[in-house]
>>> print(open('final.csv').read())   # CSV, C-alpha atoms (C1' of nucleotides)
chain,number,residue,atom,x,y,z
A,1,MET,CA,82.7,81.1,86.2
A,2,GLU,CA,82.8,82.6,89.6
A,3,ARG,CA,81.8,86.1,90.5
A,4,GLY,CA,82.1,88.5,93.4
A,5,ALA,CA,82.2,92.1,94.5
A,6,ILE,CA,84.7,93.9,96.8
A,7,PRO,CA,82.7,96.7,98.5
A,8,THR,CA,84.6,100.0,98.3
A,9,ASP,CA,83.8,100.6,102.0
A,10,GLU,CA,86.1,97.7,102.8
A,11,ILE,CA,89.0,99.5,101.1
A,12,ALA,CA,91.1,102.2,102.8
A,13,GLY,CA,90.8,105.2,100.6
A,14,ALA,CA,89.4,105.7,97.2
A,15,VAL,CA,89.5,103.3,94.3
A,16,ASP,CA,89.8,104.2,90.6
A,17,VAL,CA,90.1,101.1,88.5
A,18,GLN,CA,90.4,103.0,85.2
A,19,ALA,CA,93.2,105.2,86.5
A,20,THR,CA,95.0,102.2,88.0
A,21,LEU,CA,95.0,100.1,84.8
A,22,GLU,CA,95.3,102.9,82.2
A,23,SER,CA,98.0,105.0,83.7
A,24,GLY,CA,100.9,103.1,82.0
A,25,GLN,CA,102.0,101.2,85.1
A,26,THR,CA,100.8,97.8,83.8
A,27,TYR,CA,100.7,96.4,80.3
A,28,LEU,CA,99.2,93.0,81.4
A,29,TRP,CA,95.6,94.0,81.5
A,30,TRP,CA,93.3,94.8,78.5
A,31,ARG,CA,89.7,95.5,77.7
A,32,PRO,CA,88.1,92.3,76.4
A,33,ASP,CA,85.5,94.4,74.5
A,34,GLY,CA,88.3,95.4,72.2
A,35,THR,CA,88.0,99.2,72.8
A,36,THR,CA,91.2,101.0,73.2
A,37,TYR,CA,92.2,103.3,76.0
A,38,GLU,CA,92.4,106.4,73.8
A,39,THR,CA,88.9,105.9,72.3
A,40,ASP,CA,87.3,105.4,75.7
A,41,GLY,CA,83.9,106.1,74.3
A,42,ALA,CA,80.9,105.0,76.3
A,43,SER,CA,82.6,103.0,79.0
A,44,GLY,CA,82.7,106.0,81.4
A,45,GLY,CA,85.4,104.3,83.5
A,46,ARG,CA,83.1,101.2,83.9
A,47,ALA,CA,84.7,99.0,81.3
A,48,TRP,CA,85.7,95.4,82.1
A,49,TYR,CA,89.4,94.7,82.2
A,50,ARG,CA,91.0,91.2,81.8
A,51,THR,CA,94.2,89.5,82.7
A,52,VAL,CA,95.5,86.0,83.3
A,53,VAL,CA,97.4,85.0,86.4
A,54,ASP,CA,98.7,81.4,87.0
A,55,GLY,CA,96.4,80.0,84.4
A,56,ASP,CA,93.3,81.8,85.7
A,57,VAL,CA,91.4,84.4,83.8
A,58,VAL,CA,90.5,87.4,86.0
A,59,GLU,CA,88.2,90.3,85.0
A,60,VAL,CA,87.3,93.4,87.0
A,61,ARG,CA,85.2,96.5,86.6
A,62,GLN,CA,84.3,99.4,88.8
A,63,THR,CA,80.7,100.1,89.9
A,64,ASP,CA,79.3,102.8,92.2
A,65,ALA,CA,80.0,100.8,95.4
A,66,ALA,CA,82.3,98.0,94.5
A,67,VAL,CA,85.0,96.5,92.4
A,68,GLU,CA,83.3,93.6,90.7
A,69,TRP,CA,85.2,90.6,89.5
A,70,GLN,CA,84.5,87.4,87.5
A,71,SER,CA,87.0,84.6,87.1
A,72,THR,CA,87.8,81.0,86.5
A,73,THR,CA,88.6,80.9,90.2
A,74,ASP,CA,87.7,82.6,93.5
A,75,ALA,CA,89.6,85.7,92.7
A,76,ASP,CA,88.7,87.9,95.7
A,77,PRO,CA,92.1,87.9,97.5
A,78,LEU,CA,93.9,87.9,94.1
A,79,VAL,CA,92.1,91.0,92.9
A,80,ARG,CA,92.8,92.8,96.1
A,81,GLU,CA,96.5,92.0,95.7
A,82,LEU,CA,96.8,92.8,91.9
A,83,LEU,CA,95.1,96.2,92.2
A,84,GLY,CA,96.7,97.3,95.4
A,85,LEU,CA,93.4,97.4,97.2
A,86,ASN,CA,95.2,96.4,100.5
A,87,ASP,CA,97.2,99.7,100.4
A,88,ASP,CA,96.0,102.3,102.8
A,89,LEU,CA,95.7,105.3,100.5
A,90,HIS,CA,94.9,107.7,103.4
A,91,GLU,CA,98.2,106.8,105.1
A,92,ILE,CA,100.1,106.9,101.8
A,93,ARG,CA,98.8,110.3,100.7
A,94,ALA,CA,99.3,111.7,104.2
A,95,ALA,CA,102.9,110.8,104.0
A,96,ALA,CA,103.4,112.4,100.6
A,97,THR,CA,104.7,115.9,99.9
A,98,ASP,CA,102.0,118.5,99.6
A,99,ASP,CA,103.4,120.9,97.0
A,100,ASP,CA,101.1,122.3,94.3
A,101,LEU,CA,102.1,119.8,91.6
A,102,THR,CA,101.7,116.7,93.8
A,103,THR,CA,98.5,117.9,95.2
A,104,ALA,CA,97.0,118.5,91.8
A,105,ALA,CA,98.1,115.1,90.6
A,106,TRP,CA,96.6,113.3,93.6
A,107,ASP,CA,93.4,115.3,93.3
A,108,ALA,CA,93.1,114.5,89.6
A,109,TYR,CA,93.4,110.8,90.0
A,110,ASP,CA,92.5,110.0,93.6
A,111,GLY,CA,92.0,106.2,93.8
A,112,LEU,CA,94.8,105.3,91.5
A,113,ARG,CA,96.6,102.4,93.1
A,114,ILE,CA,100.0,100.8,92.5
A,115,VAL,CA,99.5,97.4,90.8
A,116,ARG,CA,101.3,94.1,91.7
A,117,ASP,CA,101.9,92.6,88.3
A,118,PRO,CA,103.2,89.1,88.0
A,119,PHE,CA,107.0,89.3,88.0
A,120,PHE,CA,107.9,87.8,84.6
A,121,GLY,CA,105.2,89.7,82.6
A,122,CYS,CA,106.2,93.0,84.3
A,123,LEU,CA,109.9,92.4,83.6
A,124,VAL,CA,109.3,91.7,79.9
A,125,SER,CA,106.8,94.4,79.3
A,126,PHE,CA,109.1,97.1,80.8
A,127,ILE,CA,112.1,95.7,78.8
A,128,CYS,CA,109.8,96.4,75.8
A,129,SER,CA,109.0,99.9,77.1
A,130,ALA,CA,112.4,101.3,76.2
A,131,GLN,CA,112.0,104.2,73.8
A,132,MET,CA,108.5,103.2,73.0
A,133,ARG,CA,105.1,104.9,73.3
A,134,VAL,CA,102.6,103.6,75.8
A,135,GLU,CA,100.1,102.6,73.2
A,136,ARG,CA,102.6,100.4,71.4
A,137,ILE,CA,103.9,98.8,74.5
A,138,PHE,CA,100.3,97.4,75.0
A,139,ALA,CA,100.3,96.2,71.4
A,140,MET,CA,103.6,94.4,71.8
A,141,GLN,CA,102.4,92.5,74.9
A,142,GLU,CA,99.2,91.5,73.1
A,143,SER,CA,101.3,90.2,70.2
A,144,LEU,CA,103.5,88.2,72.6
A,145,ARG,CA,100.4,86.7,74.2
A,146,GLU,CA,98.8,85.7,70.9
A,147,HIS,CA,102.0,84.1,69.6
A,148,TYR,CA,103.5,82.5,72.7
A,149,GLY,CA,100.9,82.5,75.4
A,150,GLU,CA,99.0,79.4,76.6
A,151,PRO,CA,95.4,79.3,75.3
A,152,ILE,CA,92.7,79.1,77.9
A,153,GLU,CA,89.0,78.4,77.1
A,154,TYR,CA,86.9,81.0,78.9
A,155,ASP,CA,83.3,81.9,78.5
A,156,GLY,CA,83.1,80.5,75.0
A,157,GLU,CA,86.3,82.2,73.7
A,158,THR,CA,90.0,81.5,73.8
A,159,VAL,CA,92.1,83.7,76.0
A,160,HIS,CA,95.9,83.7,75.9
A,161,ALA,CA,98.0,84.0,79.0
A,162,PHE,CA,101.2,86.0,79.1
A,163,PRO,CA,104.0,83.7,77.8
A,164,GLU,CA,105.9,81.5,80.2
A,165,PRO,CA,109.6,82.2,80.5
A,166,GLU,CA,110.3,78.8,78.7
A,167,ALA,CA,108.2,79.8,75.7
A,168,LEU,CA,110.1,83.1,75.1
A,169,ALA,CA,113.4,81.5,75.9
A,170,ALA,CA,112.7,79.0,73.1
A,171,ALA,CA,111.9,81.8,70.6
A,172,THR,CA,114.7,83.2,68.4
A,173,GLU,CA,115.7,86.8,68.1
A,174,GLU,CA,114.4,86.7,64.6
A,175,ASP,CA,111.0,85.4,65.8
A,176,LEU,CA,110.7,88.2,68.2
A,177,ARG,CA,111.8,90.8,65.7
A,178,ASP,CA,109.0,89.6,63.5
A,179,LEU,CA,106.6,90.7,66.3
A,180,LYS,CA,108.1,94.2,65.9
A,181,LEU,CA,110.0,94.2,69.1
A,182,GLY,CA,112.9,95.8,67.3
A,183,TYR,CA,116.2,95.9,69.1
A,184,ARG,CA,114.5,94.7,72.3
A,185,ALA,CA,114.0,91.2,70.8
A,186,PRO,CA,117.4,89.8,71.9
A,187,TYR,CA,116.9,91.4,75.4
A,188,VAL,CA,113.5,89.6,75.9
A,189,GLN,CA,114.9,86.3,74.6
A,190,ARG,CA,118.0,86.4,76.8
A,191,THR,CA,116.1,87.6,80.0
A,192,ALA,CA,113.5,84.9,79.4
A,193,GLU,CA,116.3,82.3,79.2
A,194,MET,CA,117.8,83.6,82.4
A,195,VAL,CA,114.5,83.2,84.2
A,196,ALA,CA,113.8,79.8,82.6
A,197,THR,CA,117.1,78.3,83.5
A,198,GLY,CA,117.2,79.8,87.0
A,199,GLU,CA,120.3,81.8,86.3
A,200,LEU,CA,118.5,84.8,87.8
A,201,THR,CA,114.9,84.9,89.2
A,202,ARG,CA,112.7,86.9,91.4
A,203,GLN,CA,113.9,84.9,94.4
A,204,ASP,CA,117.3,86.6,93.9
A,205,VAL,CA,115.6,90.0,94.1
A,206,GLU,CA,112.7,90.1,96.5
A,207,GLY,CA,113.5,90.5,100.2
A,208,ARG,CA,116.7,92.5,99.5
A,209,ALA,CA,117.0,96.1,100.5
A,210,TYR,CA,115.8,98.5,97.9
A,211,GLU,CA,119.0,99.6,96.3
A,212,LEU,CA,120.6,96.1,96.3
A,213,ALA,CA,117.4,94.7,94.8
A,214,ARG,CA,117.6,97.4,92.0
A,215,GLU,CA,121.2,96.6,91.3
A,216,THR,CA,120.4,92.9,91.1
A,217,LEU,CA,117.7,93.4,88.6
A,218,THR,CA,120.0,95.2,86.2
A,219,ASP,CA,121.8,91.8,85.7
A,220,PHE,CA,118.9,90.9,83.4
A,221,VAL,CA,119.6,91.8,79.8
A,222,GLY,CA,117.8,95.0,78.7
A,223,VAL,CA,117.2,96.0,82.3
A,224,GLY,CA,118.9,99.2,83.5
A,225,ASP,CA,118.1,101.3,86.6
A,226,LYS,CA,114.9,102.7,85.2
A,227,VAL,CA,113.3,99.4,84.2
A,228,ALA,CA,114.5,97.8,87.4
A,229,ASP,CA,112.7,100.5,89.4
A,230,CYS,CA,109.5,99.8,87.4
A,231,VAL,CA,109.7,96.1,88.3
A,232,LEU,CA,110.4,96.8,91.9
A,233,LEU,CA,107.4,99.3,92.1
A,234,PHE,CA,104.8,97.6,89.8
A,235,SER,CA,105.5,94.0,90.7
A,236,LEU,CA,107.4,93.5,93.9
A,237,GLY,CA,105.8,96.1,96.0
A,238,TYR,CA,108.8,98.4,96.7
A,239,LEU,CA,106.6,101.5,97.0
A,240,GLU,CA,109.7,103.7,97.5
A,241,ALA,CA,111.0,103.0,94.0
A,242,VAL,CA,110.9,106.0,91.7
A,243,PRO,CA,111.5,105.1,88.0
A,244,LEU,CA,113.4,108.1,86.5
A,245,ASP,CA,111.9,108.3,83.1
A,246,THR,CA,111.7,111.2,80.7
A,247,TRP,CA,108.5,112.5,82.4
A,248,ILE,CA,109.7,112.4,86.0
A,249,ARG,CA,113.1,113.8,84.9
A,250,SER,CA,111.3,116.7,83.3
A,251,ALA,CA,109.2,117.2,86.5
A,252,ILE,CA,112.4,117.2,88.6
A,253,GLU,CA,113.9,119.8,86.3
A,254,ASP,CA,110.8,122.0,86.5
A,255,HIS,CA,109.7,121.5,90.1
A,256,TYR,CA,112.4,119.8,92.2
A,257,PRO,CA,115.7,121.1,90.6
A,258,ASP,CA,117.7,120.5,93.8
A,259,CYS,CA,117.0,116.8,93.3
A,260,ASP,CA,118.9,116.6,90.0
A,261,CYS,CA,122.2,115.2,91.0
A,262,GLY,CA,123.4,114.1,87.6
A,263,ASN,CA,123.6,110.4,88.0
A,264,TYR,CA,120.7,108.0,88.5
A,265,ALA,CA,121.6,106.7,92.0
A,266,ASP,CA,122.0,110.1,93.6
A,267,THR,CA,119.0,111.7,91.9
A,268,SER,CA,117.0,108.7,93.0
A,269,ARG,CA,118.0,109.2,96.6
A,270,ALA,CA,117.2,112.9,96.4
A,271,ILE,CA,113.8,112.5,94.8
A,272,ARG,CA,112.8,109.7,97.2
A,273,GLU,CA,113.7,111.9,100.1
A,274,GLN,CA,111.6,114.7,98.5
A,275,LEU,CA,108.6,112.6,97.8
A,276,GLY,CA,108.5,110.5,101.0
A,277,PRO,CA,108.4,106.9,102.1
A,278,TYR,CA,105.9,106.0,99.4
A,279,ALA,CA,107.7,108.0,96.7
A,280,GLY,CA,106.8,105.5,94.0
A,281,TYR,CA,103.1,106.2,94.6
A,282,THR,CA,103.5,109.9,94.1
A,283,GLN,CA,105.8,109.3,91.1
A,284,THR,CA,103.0,107.3,89.4
A,285,TYR,CA,100.4,110.0,90.1
A,286,LEU,CA,102.8,112.6,88.6
A,287,PHE,CA,103.6,110.4,85.6
A,288,HIS,CA,99.9,109.9,84.8
A,289,TYR,CA,99.0,113.5,85.5
A,290,LEU,CA,101.8,115.0,83.4
A,291,ARG,CA,101.4,112.6,80.5
A,292,SER,CA,97.7,113.4,80.4
A,293,GLY,CA,98.5,117.1,80.0
A,294,GLY,CA,97.6,118.1,83.6
A,295,ASP,CA,100.5,120.5,84.0
A,296,GLU,CA,99.6,122.8,81.1
B,1,DC,C1',111.2,115.1,55.6
B,2,DT,C1',112.6,115.1,60.8
B,3,DC,C1',111.7,114.2,65.5
B,4,DC,C1',110.7,111.3,69.3
B,5,DA,C1',108.8,107.7,72.5
B,6,DG,C1',108.2,105.3,80.5
B,7,DG,C1',116.3,103.3,77.9
B,8,DG,C1',120.0,100.1,77.6
B,9,DA,C1',124.3,98.0,75.8
B,10,DG,C1',128.8,98.6,74.1
B,11,DC,C1',132.7,101.2,73.9
B,12,DC,C1',135.5,105.0,75.0
B,13,DT,C1',138.0,108.1,78.2
C,1,DA,C1',132.0,106.7,87.0
C,2,DG,C1',130.6,109.6,83.1
C,3,DG,C1',129.9,110.6,78.2
C,4,DC,C1',129.0,109.2,73.5
C,5,DT,C1',126.6,106.3,69.7
C,6,DC,C1',123.6,103.0,68.0
C,7,DC,C1',119.7,100.5,68.3
C,8,DA,C1',113.8,99.3,65.5
C,9,DT,C1',109.4,101.0,64.8
C,10,DG,C1',105.6,104.0,63.8
C,11,DG,C1',103.0,108.2,64.5
C,12,DA,C1',103.0,113.3,64.5
>>> encode(input="final.csv", output="structure tokens")
Amino acid sequence: MERGAIPTDEIAGAVDVQATLESGQTYLWWRPDGTTYETDGASGGRAWYRTVVDGDVVEVRQTDAAVEWQSTTDADPLVRELLGLNDDLHEIRAAATDDDLTTAAWDAYDGLRIVRDPFFGCLVSFICSAQMRVERIFAMQESLREHYGEPIEYDGETVHAFPEPEALAAATEEDLRDLKLGYRAPYVQRTAEMVATGELTRQDVEGRAYELARETLTDFVGVGDKVADCVLLFSLGYLEAVPLDTWIRSAIEDHYPDCDCGNYADTSRAIREQLGPYAGYTQTYLFHYLRSGGDE
DNA sequence: CTCCAGGGAGCCT
DNA sequence: AGGCTCCATGGA
């Protein structure tokens, strides 16, 4: 076990680990103490969070002056990458719109950062997110890990990684329906198969211009424009991507009505122009703020 | 009981 | 391209 701490004064802007990992942008981290996000209890935002990346267990928690980590490897650069600690939040916020709603959302969760989830886990978890509540999306990923993820011995317990593409490709639709994935079961199986066989992979997406990258991602089964935007934003670092979900569509209707152009592509362009070059950052603040009841 | 949740596929025009 | 309809599951 290796440990370390990333001092907050090395990071450009504020850091809020809890807001980052509990805002519904990633479903690949969980609390090893078993407490759920809704029944926060005594953690006070200082709970440990755990994930597995490339076979290494990584845990983080926030303290007064640092982001602490412990891991099976030297995870310092990895933690900075996964939690978006390399993003200059001063610059990003300065580039955002400053209307009342956006300002309120940024003030409420200053320090929330865009994560960089591993590609396959991000892809699968957002395929699962279709017409599903945030709490249940977490439960579905946990179930996938427990049934199809590689076990890793860590600190006297067995931790399961997110399943490899090959493992989910080898599952049947019926197997995945048994895990309560519902109609998403064949989508997950087929997309896993596409990644496992090399029919379509992240290499076909990253590096491409934003709109072409989004279009390419929709070739995966169960991936439309919205899920594609989630993968671009929460895994591949396209900070301009704005997933047009029910919450942001409602915000557009109420606060940016001129941006509603009917179809996805045109509305996307309009809201990206409205929210600025890091539109995805502001989108994620708005999503978390609105979903937490901040606009009431 | 009905309604809805970080939508997408298939089919129709 | 745009507009249906159906799709599983579980909590309110």
>>> residues_around(input="final.csv", residues="DA5 (chain B)", least_positions_apart="5", cutoff="12 Å", atoms="all atoms listed in the file", output="number ranges by chain")
A: 128-137, 245-247, 291; C: 9-12
>>> closest_atom_pairs(input="final.csv", of="chain B", to="chain A", cutoff="9 Å", atoms="all atoms listed in the file", output="CSV")
residue,atom,partner,partner_atom,distance
B:DC4,C1',A:Gln131,CA,8.5
B:DA5,C1',A:Met132,CA,4.5
B:DG6,C1',A:Asp245,CA,5.4
B:DG7,C1',A:Ala130,CA,4.7
B:DG8,C1',A:Gly222,CA,5.7
B:DA9,C1',A:Gly222,CA,7.7
>>> write_last_selection(input="final.csv", atoms="C-alpha atoms (C1' of nucleotides)", output="PDB file, in the coordinates of the input")
ATOM      1  C1'  DC B   4     110.700 111.300  69.300  1.00  0.00           C
ATOM      2  C1'  DA B   5     108.800 107.700  72.500  1.00  0.00           C
ATOM      3  C1'  DG B   6     108.200 105.300  80.500  1.00  0.00           C
ATOM      4  C1'  DG B   7     116.300 103.300  77.900  1.00  0.00           C
ATOM      5  C1'  DG B   8     120.000 100.100  77.600  1.00  0.00           C
ATOM      6  C1'  DA B   9     124.300  98.000  75.800  1.00  0.00           C
TER       7       DA B   9
END
>>> interface_residues(input="final.csv", of="chain A", to="chain C", cutoff="8 Å", atoms="only C-alpha atoms (C1' of nucleotides)", output="PyMOL selection string")
chain A and resi 180-183
>>> atom_distance(input="final.csv", atom1="CA of Ala94 (chain A)", atom2="CA of Asn263 (chain A)")
29.2 Å
>>> residues_around(input="final.csv", residues="Tyr49 (chain A)", least_positions_apart="6", cutoff="10 Å", atoms="all atoms listed in the file", output="list in words")
Val17, Gln18, Leu21, Leu28, Trp29, Trp30, Arg31, Pro32, Asp33, Val58, Glu59, Val60, Arg61, Gln62 and Trp69 of chain A
>>> residues_near_point(input="final.csv", point="(118.5, 94.1, 92.6)", cutoff="12 Å", atoms="all atoms listed in the file", output="PyMOL selection string")
chain A and resi 200-220+223-232+236+238+241
>>> residues_around(input="final.csv", residues="Gly84 (chain A)", least_positions_apart="3", cutoff="9 Å", atoms="only C-alpha atoms (C1' of nucleotides)", output="PDB file with C-alpha atoms, in the frame of the given file")
ATOM      1  CA  VAL A  79      92.100  91.000  92.900  1.00  0.00           C
ATOM      2  CA  ARG A  80      92.800  92.800  96.100  1.00  0.00           C
ATOM      3  CA  GLU A  81      96.500  92.000  95.700  1.00  0.00           C
ATOM      4  CA  ASP A  87      97.200  99.700 100.400  1.00  0.00           C
ATOM      5  CA  ASP A  88      96.000 102.300 102.800  1.00  0.00           C
ATOM      6  CA  ARG A 113      96.600 102.400  93.100  1.00  0.00           C
ATOM      7  CA  ILE A 114     100.000 100.800  92.500  1.00  0.00           C
ATOM      8  CA  VAL A 115      99.500  97.400  90.800  1.00  0.00           C
ATOM      9  CA  ARG A 116     101.300  94.100  91.700  1.00  0.00           C
TER      10      ARG A 116
END
>>> decode(input="final.csv", residues="chain B", atoms="C-alpha atoms (C1' of nucleotides)", output="CSV table (one decimal), in the first residue's frame")
chain,number,residue,atom,x,y,z
B,1,DC,C1',-53.1,2.8,-9.2
B,2,DT,C1',-50.1,6.0,-12.3
B,3,DC,C1',-46.0,8.5,-13.3
B,4,DC,C1',-41.2,9.0,-14.2
B,5,DA,C1',-36.1,8.5,-14.3
B,6,DG,C1',-28.9,12.0,-16.9
B,7,DG,C1',-32.5,8.0,-23.9
B,8,DG,C1',-32.1,5.1,-27.7
B,9,DA,C1',-33.6,1.9,-31.4
B,10,DG,C1',-36.8,0.8,-34.9
B,11,DC,C1',-40.1,2.3,-38.0
B,12,DC,C1',-42.9,5.5,-40.2
B,13,DT,C1',-43.7,9.7,-43.0
